[in-house]
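K.L.:
Supplied structure: start32.pdb, PDB, C-alpha atoms, pLDDT in the B column.
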```
ATOM      1  CA  MET J 190     -57.923 -38.878 -33.878  1.00 57.00           C
ATOM      2  CA  ASN J 191     -56.205 -38.614 -30.518  1.00 69.00           C
ATOM      3  CA  LYS J 192     -54.309 -35.606 -29.429  1.00 76.00           C
ATOM      4  CA  PHE J 193     -51.449 -35.466 -26.977  1.00 76.00           C
ATOM      5  CA  CYS J 194     -50.779 -32.980 -24.223  1.00 79.00           C
ATOM      6  CA  GLU J 195     -48.004 -30.631 -25.273  1.00 78.00           C
ATOM      7  CA  SER J 196     -46.608 -30.478 -21.737  1.00 77.00           C
ATOM      8  CA  CYS J 197     -46.559 -34.053 -20.501  1.00 79.00           C
ATOM      9  CA  GLY J 198     -47.341 -36.077 -23.635  1.00 76.00           C
ATOM     10  CA  LYS J 199     -50.454 -37.759 -22.195  1.00 79.00           C
ATOM     11  CA  PRO J 200     -53.001 -38.897 -24.843  1.00 80.00           C
ATOM     12  CA  LEU J 201     -56.140 -36.758 -24.840  1.00 78.00           C
ATOM     13  CA  VAL J 202     -59.566 -37.125 -26.396  1.00 77.00           C
ATOM     14  CA  GLU J 203     -60.738 -34.217 -28.511  1.00 77.00           C
ATOM     15  CA  GLY J 204     -61.804 -31.306 -26.400  1.00 75.00           C
ATOM     16  CA  GLN J 205     -60.276 -32.718 -23.210  1.00 78.00           C
ATOM     17  CA  VAL J 206     -57.820 -30.610 -21.218  1.00 77.00           C
ATOM     18  CA  CYS J 207     -54.889 -32.315 -19.508  1.00 77.00           C
ATOM     19  CA  ASP J 208     -54.699 -32.364 -15.732  1.00 77.00           C
ATOM     20  CA  CYS J 209     -51.188 -30.986 -15.803  1.00 74.00           C
ATOM     21  CA  GLN J 210     -52.429 -27.666 -17.037  1.00 62.00           C
ATOM     22  CA  THR J 211     -54.642 -25.588 -14.835  1.00 51.00           C
ATOM     23  CA  GLN J 212     -55.589 -21.962 -15.013  1.00 42.00           C
ATOM     24  CA  ASP J 213     -53.096 -20.824 -12.331  1.00 40.00           C
ATOM     25  CA  GLN J 214     -50.182 -23.094 -13.218  1.00 50.00           C
ATOM     26  CA  GLN J 215     -47.854 -23.003 -16.139  1.00 52.00           C
ATOM     27  CA  PRO J 216     -47.186 -26.138 -18.132  1.00 50.00           C
ATOM     28  CA  GLN J 217     -44.534 -28.438 -16.675  1.00 51.00           C
ATOM     29  CA  GLN J 218     -41.299 -28.838 -18.493  1.00 55.00           C
ATOM     30  CA  PRO J 219     -40.087 -32.378 -19.005  1.00 55.00           C
ATOM     31  CA  TYR J 220     -36.476 -31.595 -18.120  1.00 57.00           C
ATOM     32  CA  ALA J 221     -35.865 -28.954 -15.510  1.00 56.00           C
ATOM     33  CA  GLN J 222     -32.693 -26.931 -15.793  1.00 57.00           C
ATOM     34  CA  PRO J 223     -30.509 -26.763 -12.656  1.00 56.00           C
ATOM     35  CA  GLN J 224     -30.994 -23.655 -10.607  1.00 60.00           C
ATOM     36  CA  GLN J 225     -27.310 -22.908 -10.106  1.00 61.00           C
ATOM     37  CA  PRO J 226     -24.375 -23.746 -12.282  1.00 58.00           C
ATOM     38  CA  TYR J 227     -22.010 -26.465 -11.095  1.00 60.00           C
ATOM     39  CA  ALA J 228     -19.329 -25.375  -8.661  1.00 60.00           C
ATOM     40  CA  GLN J 229     -15.966 -24.703 -10.244  1.00 62.00           C
ATOM     41  CA  PRO J 230     -13.249 -27.161  -9.160  1.00 60.00           C
ATOM     42  CA  GLN J 231     -10.701 -25.727  -6.775  1.00 64.00           C
ATOM     43  CA  GLN J 232      -7.183 -25.304  -7.985  1.00 63.00           C
ATOM     44  CA  PRO J 233      -4.629 -27.437  -6.112  1.00 62.00           C
ATOM     45  CA  TYR J 234      -2.446 -25.564  -3.634  1.00 61.00           C
ATOM     46  CA  ALA J 235       0.936 -24.883  -5.127  1.00 58.00           C
ATOM     47  CA  GLN J 236       3.873 -23.730  -3.047  1.00 58.00           C
ATOM     48  CA  PRO J 237       5.958 -21.020  -4.616  1.00 57.00           C
ATOM     49  CA  GLN J 238       9.242 -22.303  -5.995  1.00 60.00           C
ATOM     50  CA  GLN J 239      12.446 -20.771  -4.685  1.00 58.00           C
ATOM     51  CA  PRO J 240      14.680 -19.433  -7.397  1.00 59.00           C
ATOM     52  CA  TYR J 241      17.911 -21.318  -7.932  1.00 58.00           C
ATOM     53  CA  GLY J 242      20.764 -19.977  -5.850  1.00 55.00           C
ATOM     54  CA  GLN J 243      18.566 -18.383  -3.212  1.00 54.00           C
ATOM     55  CA  PRO J 244      19.276 -19.345   0.406  1.00 56.00           C
ATOM     56  CA  GLN J 245      17.041 -22.079   1.719  1.00 57.00           C
ATOM     57  CA  GLN J 246      14.423 -21.463   4.325  1.00 57.00           C
ATOM     58  CA  PRO J 247      15.483 -22.324   7.879  1.00 58.00           C
ATOM     59  CA  TYR J 248      14.591 -25.805   9.105  1.00 54.00           C
ATOM     60  CA  THR J 249      10.998 -26.183  10.183  1.00 55.00           C
ATOM     61  CA  GLN J 250       9.783 -29.266  11.932  1.00 51.00           C
ATOM     62  CA  ALA J 251       8.332 -31.754   9.464  1.00 47.00           C
ATOM     63  CA  THR J 252       4.902 -33.283   9.842  1.00 41.00           C
ATOM     64  CA  THR J 253       6.506 -36.635  10.737  1.00 50.00           C
ATOM     65  CA  ASP J 254       9.324 -35.876  13.136  1.00 72.00           C
ATOM     66  CA  ASN J 255      11.792 -38.733  13.370  1.00 85.00           C
ATOM     67  CA  SER J 256      14.589 -36.554  14.713  1.00 87.00           C
ATOM     68  CA  LYS J 257      14.703 -38.377  18.048  1.00 90.00           C
ATOM     69  CA  THR J 258      15.103 -41.748  16.305  1.00 91.00           C
ATOM     70  CA  PHE J 259      17.939 -40.504  14.094  1.00 91.00           C
ATOM     71  CA  SER J 260      19.591 -38.846  17.098  1.00 92.00           C
ATOM     72  CA  ILE J 261      19.572 -42.140  19.024  1.00 93.00           C
ATOM     73  CA  LEU J 262      20.872 -44.122  16.039  1.00 92.00           C
ATOM     74  CA  ALA J 263      23.840 -41.739  15.784  1.00 93.00           C
ATOM     75  CA  TYR J 264      25.408 -43.285  18.890  1.00 95.00           C
ATOM     76  CA  ILE J 265      25.171 -46.911  17.757  1.00 93.00           C
ATOM     77  CA  GLY J 266      28.312 -47.780  15.811  1.00 90.00           C
ATOM     78  CA  PHE J 267      28.399 -46.475  12.248  1.00 88.00           C
ATOM     79  CA  LEU J 268      24.621 -45.908  12.109  1.00 91.00           C
ATOM     80  CA  PHE J 269      25.328 -42.170  12.383  1.00 90.00           C
ATOM     81  CA  VAL J 270      25.435 -42.320   8.563  1.00 90.00           C
ATOM     82  CA  ILE J 271      21.635 -42.716   8.505  1.00 90.00           C
ATOM     83  CA  GLY J 272      21.200 -39.364  10.245  1.00 87.00           C
ATOM     84  CA  MET J 273      23.584 -37.758   7.755  1.00 87.00           C
ATOM     85  CA  VAL J 274      21.648 -38.802   4.664  1.00 89.00           C
ATOM     86  CA  ALA J 275      17.998 -39.093   5.768  1.00 84.00           C
ATOM     87  CA  ALA J 276      16.037 -36.091   4.541  1.00 77.00           C
ATOM     88  CA  PRO J 277      14.538 -33.849   5.908  1.00 81.00           C
ATOM     89  CA  GLU J 278      15.983 -34.698   9.319  1.00 80.00           C
ATOM     90  CA  ASN J 279      19.560 -34.218   8.113  1.00 82.00           C
ATOM     91  CA  ALA J 280      18.844 -30.460   8.143  1.00 86.00           C
ATOM     92  CA  ASN J 281      17.574 -30.548  11.740  1.00 89.00           C
ATOM     93  CA  PRO J 282      20.161 -28.918  14.060  1.00 90.00           C
ATOM     94  CA  LYS J 283      19.470 -31.437  16.850  1.00 91.00           C
ATOM     95  CA  VAL J 284      20.046 -34.419  14.576  1.00 91.00           C
ATOM     96  CA  ARG J 285      23.210 -32.824  13.195  1.00 92.00           C
ATOM     97  CA  PHE J 286      24.513 -32.245  16.730  1.00 93.00           C
ATOM     98  CA  HIS J 287      23.968 -35.858  17.774  1.00 93.00           C
ATOM     99  CA  VAL J 288      25.390 -37.172  14.490  1.00 93.00           C
ATOM    100  CA  GLY J 289      28.528 -35.111  15.171  1.00 93.00           C
ATOM    101  CA  GLN J 290      28.792 -36.561  18.661  1.00 95.00           C
ATOM    102  CA  GLY J 291      28.225 -40.064  17.271  1.00 94.00           C
ATOM    103  CA  ILE J 292      31.023 -39.601  14.725  1.00 94.00           C
ATOM    104  CA  ILE J 293      33.468 -38.557  17.435  1.00 95.00           C
ATOM    105  CA  LEU J 294      32.400 -41.495  19.624  1.00 95.00           C
ATOM    106  CA  PHE J 295      32.865 -43.909  16.692  1.00 96.00           C
ATOM    107  CA  ILE J 296      36.340 -42.517  15.969  1.00 95.00           C
ATOM    108  CA  ALA J 297      37.287 -42.817  19.664  1.00 95.00           C
ATOM    109  CA  GLU J 298      36.056 -46.433  19.745  1.00 95.00           C
ATOM    110  CA  VAL J 299      38.125 -47.292  16.653  1.00 96.00           C
ATOM    111  CA  VAL J 300      41.250 -45.649  18.106  1.00 96.00           C
ATOM    112  CA  LEU J 301      40.806 -47.416  21.448  1.00 95.00           C
ATOM    113  CA  GLY J 302      40.251 -50.719  19.630  1.00 95.00           C
ATOM    114  CA  ILE J 303      43.564 -50.230  17.819  1.00 95.00           C
ATOM    115  CA  VAL J 304      45.290 -49.407  21.128  1.00 94.00           C
ATOM    116  CA  ASN J 305      43.778 -52.554  22.658  1.00 93.00           C
ATOM    117  CA  SER J 306      45.081 -54.632  19.737  1.00 92.00           C
ATOM    118  CA  ILE J 307      48.577 -53.170  20.121  1.00 90.00           C
ATOM    119  CA  VAL J 308      48.587 -53.910  23.866  1.00 86.00           C
ATOM    120  CA  ASN J 309      47.447 -57.466  23.169  1.00 84.00           C
ATOM    121  CA  ALA J 310      50.170 -57.898  20.538  1.00 83.00           C
ATOM    122  CA  ILE J 311      52.852 -56.639  22.902  1.00 79.00           C
ATOM    123  CA  ALA J 312      51.620 -58.852  25.726  1.00 76.00           C
ATOM    124  CA  TRP J 313      51.527 -61.917  23.474  1.00 73.00           C
ATOM    125  CA  ALA J 314      55.027 -61.118  22.203  1.00 69.00           C
ATOM    126  CA  GLY J 315      56.251 -62.061  25.659  1.00 61.00           C
ATOM    127  CA  LEU J 316      55.716 -65.703  24.795  1.00 54.00           C
ATOM    128  CA  ARG J 317      58.400 -67.996  25.964  1.00 45.00           C
ATOM    129  CA  ASP J 318      59.457 -70.732  23.720  1.00 41.00           C
ATOM    130  CA  THR J 319      61.851 -73.335  24.858  1.00 39.00           C
ATOM    131  CA  ILE J 320      63.233 -76.173  22.894  1.00 42.00           C
ATOM    132  CA  ASP J 321      64.053 -79.402  24.633  1.00 43.00           C
ATOM    133  CA  ALA J 322      66.928 -81.476  23.587  1.00 46.00           C
ATOM    134  CA  GLY J 323      64.506 -84.143  22.403  1.00 48.00           C
ATOM    135  CA  TYR J 324      64.059 -85.242  18.812  1.00 50.00           C
ATOM    136  CA  TRP J 325      60.838 -83.336  18.059  1.00 50.00           C
ATOM    137  CA  GLY J 326      61.420 -80.456  20.383  1.00 49.00           C
ATOM    138  CA  THR J 327      58.642 -78.704  22.296  1.00 50.00           C
ATOM    139  CA  TYR J 328      57.024 -75.300  22.095  1.00 47.00           C
ATOM    140  CA  GLN J 329      55.804 -73.844  25.320  1.00 48.00           C
ATOM    141  CA  GLY J 330      53.837 -70.651  25.003  1.00 50.00           C
ATOM    142  CA  GLY J 331      51.837 -68.538  27.349  1.00 52.00           C
ATOM    143  CA  LEU J 332      51.538 -65.121  28.883  1.00 58.00           C
ATOM    144  CA  ASN J 333      53.051 -64.303  32.173  1.00 63.00           C
ATOM    145  CA  GLY J 334      50.723 -63.037  34.891  1.00 69.00           C
ATOM    146  CA  PHE J 335      51.407 -59.352  34.253  1.00 74.00           C
ATOM    147  CA  GLY J 336      50.649 -59.668  30.516  1.00 75.00           C
ATOM    148  CA  VAL J 337      47.292 -61.322  31.231  1.00 78.00           C
ATOM    149  CA  PHE J 338      46.430 -58.606  33.739  1.00 84.00           C
ATOM    150  CA  ILE J 339      47.267 -55.808  31.288  1.00 85.00           C
ATOM    151  CA  THR J 340      45.267 -57.300  28.400  1.00 86.00           C
ATOM    152  CA  VAL J 341      42.212 -57.859  30.599  1.00 89.00           C
ATOM    153  CA  VAL J 342      42.338 -54.370  32.139  1.00 92.00           C
ATOM    154  CA  VAL J 343      42.783 -52.593  28.798  1.00 92.00           C
ATOM    155  CA  GLY J 344      40.040 -54.684  27.149  1.00 93.00           C
ATOM    156  CA  LEU J 345      37.591 -53.975  29.980  1.00 95.00           C
ATOM    157  CA  ALA J 346      38.457 -50.252  29.970  1.00 95.00           C
ATOM    158  CA  VAL J 347      37.785 -49.983  26.227  1.00 94.00           C
ATOM    159  CA  ALA J 348      34.478 -51.860  26.550  1.00 95.00           C
ATOM    160  CA  ALA J 349      33.403 -49.756  29.558  1.00 96.00           C
ATOM    161  CA  PHE J 350      34.266 -46.524  27.740  1.00 96.00           C
ATOM    162  CA  SER J 351      32.244 -47.563  24.726  1.00 95.00           C
ATOM    163  CA  ILE J 352      29.199 -48.681  26.715  1.00 96.00           C
ATOM    164  CA  VAL J 353      29.130 -45.708  29.116  1.00 96.00           C
ATOM    165  CA  PHE J 354      29.548 -43.049  26.422  1.00 96.00           C
ATOM    166  CA  THR J 355      26.986 -44.724  24.166  1.00 96.00           C
ATOM    167  CA  ILE J 356      24.428 -44.773  26.994  1.00 96.00           C
ATOM    168  CA  MET J 357      25.174 -41.129  27.857  1.00 96.00           C
ATOM    169  CA  GLY J 358      24.672 -40.064  24.242  1.00 95.00           C
ATOM    170  CA  ILE J 359      21.439 -42.048  23.866  1.00 95.00           C
ATOM    171  CA  MET J 360      20.044 -40.584  27.100  1.00 96.00           C
ATOM    172  CA  ASN J 361      20.846 -37.048  25.899  1.00 94.00           C
ATOM    173  CA  ALA J 362      19.136 -37.770  22.568  1.00 93.00           C
ATOM    174  CA  MET J 363      16.054 -39.264  24.255  1.00 92.00           C
ATOM    175  CA  ASN J 364      15.690 -36.259  26.549  1.00 92.00           C
ATOM    176  CA  GLY J 365      16.181 -33.776  23.701  1.00 89.00           C
ATOM    177  CA  LYS J 366      19.366 -32.315  25.209  1.00 91.00           C
ATOM    178  CA  GLU J 367      22.235 -31.046  23.126  1.00 92.00           C
ATOM    179  CA  LYS J 368      24.885 -31.803  25.719  1.00 93.00           C
ATOM    180  CA  PRO J 369      28.329 -32.812  24.386  1.00 94.00           C
ATOM    181  CA  LEU J 370      29.903 -36.051  25.552  1.00 93.00           C
ATOM    182  CA  PRO J 371      32.580 -35.632  28.247  1.00 93.00           C
ATOM    183  CA  ILE J 372      36.216 -35.426  27.111  1.00 91.00           C
ATOM    184  CA  ILE J 373      35.613 -36.215  23.401  1.00 92.00           C
ATOM    185  CA  GLY J 374      32.454 -34.192  22.712  1.00 89.00           C
ATOM    186  CA  GLN J 375      34.305 -30.908  22.302  1.00 90.00           C
ATOM    187  CA  PHE J 376      36.131 -32.231  19.223  1.00 89.00           C
ATOM    188  CA  SER J 377      32.975 -32.641  17.159  1.00 86.00           C
ATOM    189  CA  PHE J 378      33.523 -31.344  13.637  1.00 85.00           C
ATOM    190  CA  TYR J 379      30.119 -32.166  12.106  1.00 84.00           C
ATOM    191  CA  LYS J 380      27.575 -29.517  13.042  1.00 79.00           C
TER     192      LYS J 380
END
```
Would you write out, as structure tokens, the structure that this file holds?
P.N.:
Amino acid sequence: MNKFCESCGKPLVEGQVCDCQTQDQQPQQPYAQPQQPYAQPQQPYAQPQQPYGQPQQPYTQATTDNSKTFSILAYIGFLFVIGMVAAPENANPKVRFHVGQGIILFIAEVVLGIVNSIVNAIAWAGLRDTIDAGYWGTYQGGLNGFGVFITVVVGLAVAAFSIVFTIMGIMNAMNGKEKPLPIIGQFSFYK
């Protein structure tokens, strides 16, 4: 009858000693236990929550800083709204400054557009209509030379104001300056 090695399971003839066992060595174990236990998983980093009603921490620059983009957009028409609602940049003091300047510029452009419309309406009210004695009659309309001059000058002044102040605001935003726009910048109410 065959015997088997107790250490490795190799079949042995009676009286034969397995090669895995020698005088100086201990028998091998079929499954070795790991030397060290497995490393414990690290706990995820949790930021402490601020209690409700506590003042917020001051603005710190976010990892992705889009403040320059939102500052430039503030001077282009009504796009200042994006800088007002986009978090976390809406808490950035630079973005808030340029949004305030953009709001004032937008209000000034609307007011000047209304003034331009009023001037155009007054100039066009100077239409002359004459009726001939003919059966159908005729309508002759047109602006006199002074009315045309006034409408063109006011229209160009409004357009120049809008373009120049928009460029000034965008240049300040691109250079990171918090310089108010001339004349209208001091009336900024959004800070």
K.L.:
Can you tell me which residues surround Leu268 (chain J) at a distance of at most 9 Å, considering all atoms listed in the file, apart from same-chain residues fewer than 5 positions away, and format the answer as a list of chain:residue names?
P.N.:
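Once the adjacent positions are removed, what remains is J:Phe259, J:Leu262, J:Ala263, J:Gly291.
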K.L.:
Any idea what the distance is between CA of Val284 (chain J) and CA of Lys257 (chain J)?
P.N.:
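Separation of CA of Val284 (chain J) and CA of Lys257 (chain J): 7.5 Å.
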K.L.:
J:Val337, J:Ala312, J:Ile352, J:Val300: which is nearest Ile265 (chain J), counting all atoms listed in the file?
P.N.:
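Of the candidates, the smallest distance to Ile265 (chain J) is held by J:Ile352.
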K.L.:
Report, in Å with one decimal, the straight-line distance from CA of Ser351 (chain J) to CA of Lys368 (chain J).
P.N.:
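Calculated distance between CA of Ser351 (chain J) and CA of Lys368 (chain J) is 17.4 Å.
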K.L.:
From the options J:Val347, J:Ile293, J:Met363, J:Cys194, which residue's atoms come nearest to Ser306 (chain J), counting all atoms listed in the file?
P.N.:
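Smallest distance to Ser306 (chain J) is found for J:Val347.
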K.L.:
Could you please determine the separation between CA of Gly289 (chain J) and CA of Val308 (chain J) in Å, to one decimal place?
P.N.:
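Distance reported for this atom pair: 28.8 Å.
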K.L.:
Expand the PyMOL selection byres ((chain J and resi 281) around 12) into the individual residues it matches in the shown file, reporting them as a list in words.
P.N.:
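On the file shown, the PyMOL selection byres ((chain J and resi 281) around 12) covers Pro247, Tyr248, Thr249, Gln250, Ala251, Asp254, Asn255, Ser256, Lys257, Phe259, Ser260, Gly272, Met273, Val274, Ala275, Ala276, Pro277, Glu278, Asn279, Ala280, Pro282, Lys283, Val284, Arg285, Phe286, His287, Val288 and Lys380 of chain J.
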K.L.:
Please write as a PyMOL selection string the list of polymer residues whose atoms come within 12 Å of (21.9, -36.7, 27.0), counting only C-alpha atoms and keeping to the coordinates of the file.
P.N.:
chain J and resi 257+260-261+264+283+286-287+290+353-371+374
K.L.:
Run the PyMOL selection byres ((chain J and resi 192) around 10) mentally over the shown coordinates, then write out the matched residues as JSON, numbers by chain, using the chain letters and numbers from the document.
P.N.:
{"J": [190, 191, 193, 194, 195, 198, 199, 200, 201, 202, 203, 204, 205]}
K.L.:
Please write out, as JSON, where the centre of an axis-aligned box around all listed atoms of region 253-260 of chain J lies and how long its edges are, in Å to one decimal, after adding 4 Å on each side.
P.N.:
```
{"center_x": 13.0, "center_y": -38.8, "center_z": 14.4, "size_x": 21.1, "size_y": 13.9, "size_z": 15.3}
```
K.L.:
Between J:Thr258, J:Asn309, J:Ser377, J:Ser196, which has the minimum distance to Gly336 (chain J) (counting all atoms listed in the file)?
P.N.:
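Under the stated criterion, the closest residue is J:Asn309.
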K.L.:
Which residue out of J:Ile373, J:Ile292, J:Phe338, J:Tyr379 has the minimum interatomic distance to Phe267 (chain J) when only C-alpha atoms are used?
P.N.:
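The shortest atom-to-atom distance to Phe267 (chain J) comes from J:Ile292.
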K.L.:
From the set J:Cys209, J:Ala348, J:Phe376, J:Ile271, which residue has the shortest atom-to-atom contact distance to Asn305 (chain J), counting only C-alpha atoms?
P.N.:
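Selected residue with least distance to Asn305 (chain J): J:Ala348.
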K.L.:
Check the smallest atom-to-atom distance from each of J:Gln375, J:Phe350, J:Phe335, J:Ile296 to Ile311 (chain J) using all atoms listed in the file, then report the winner.
P.N.:
J:Phe335
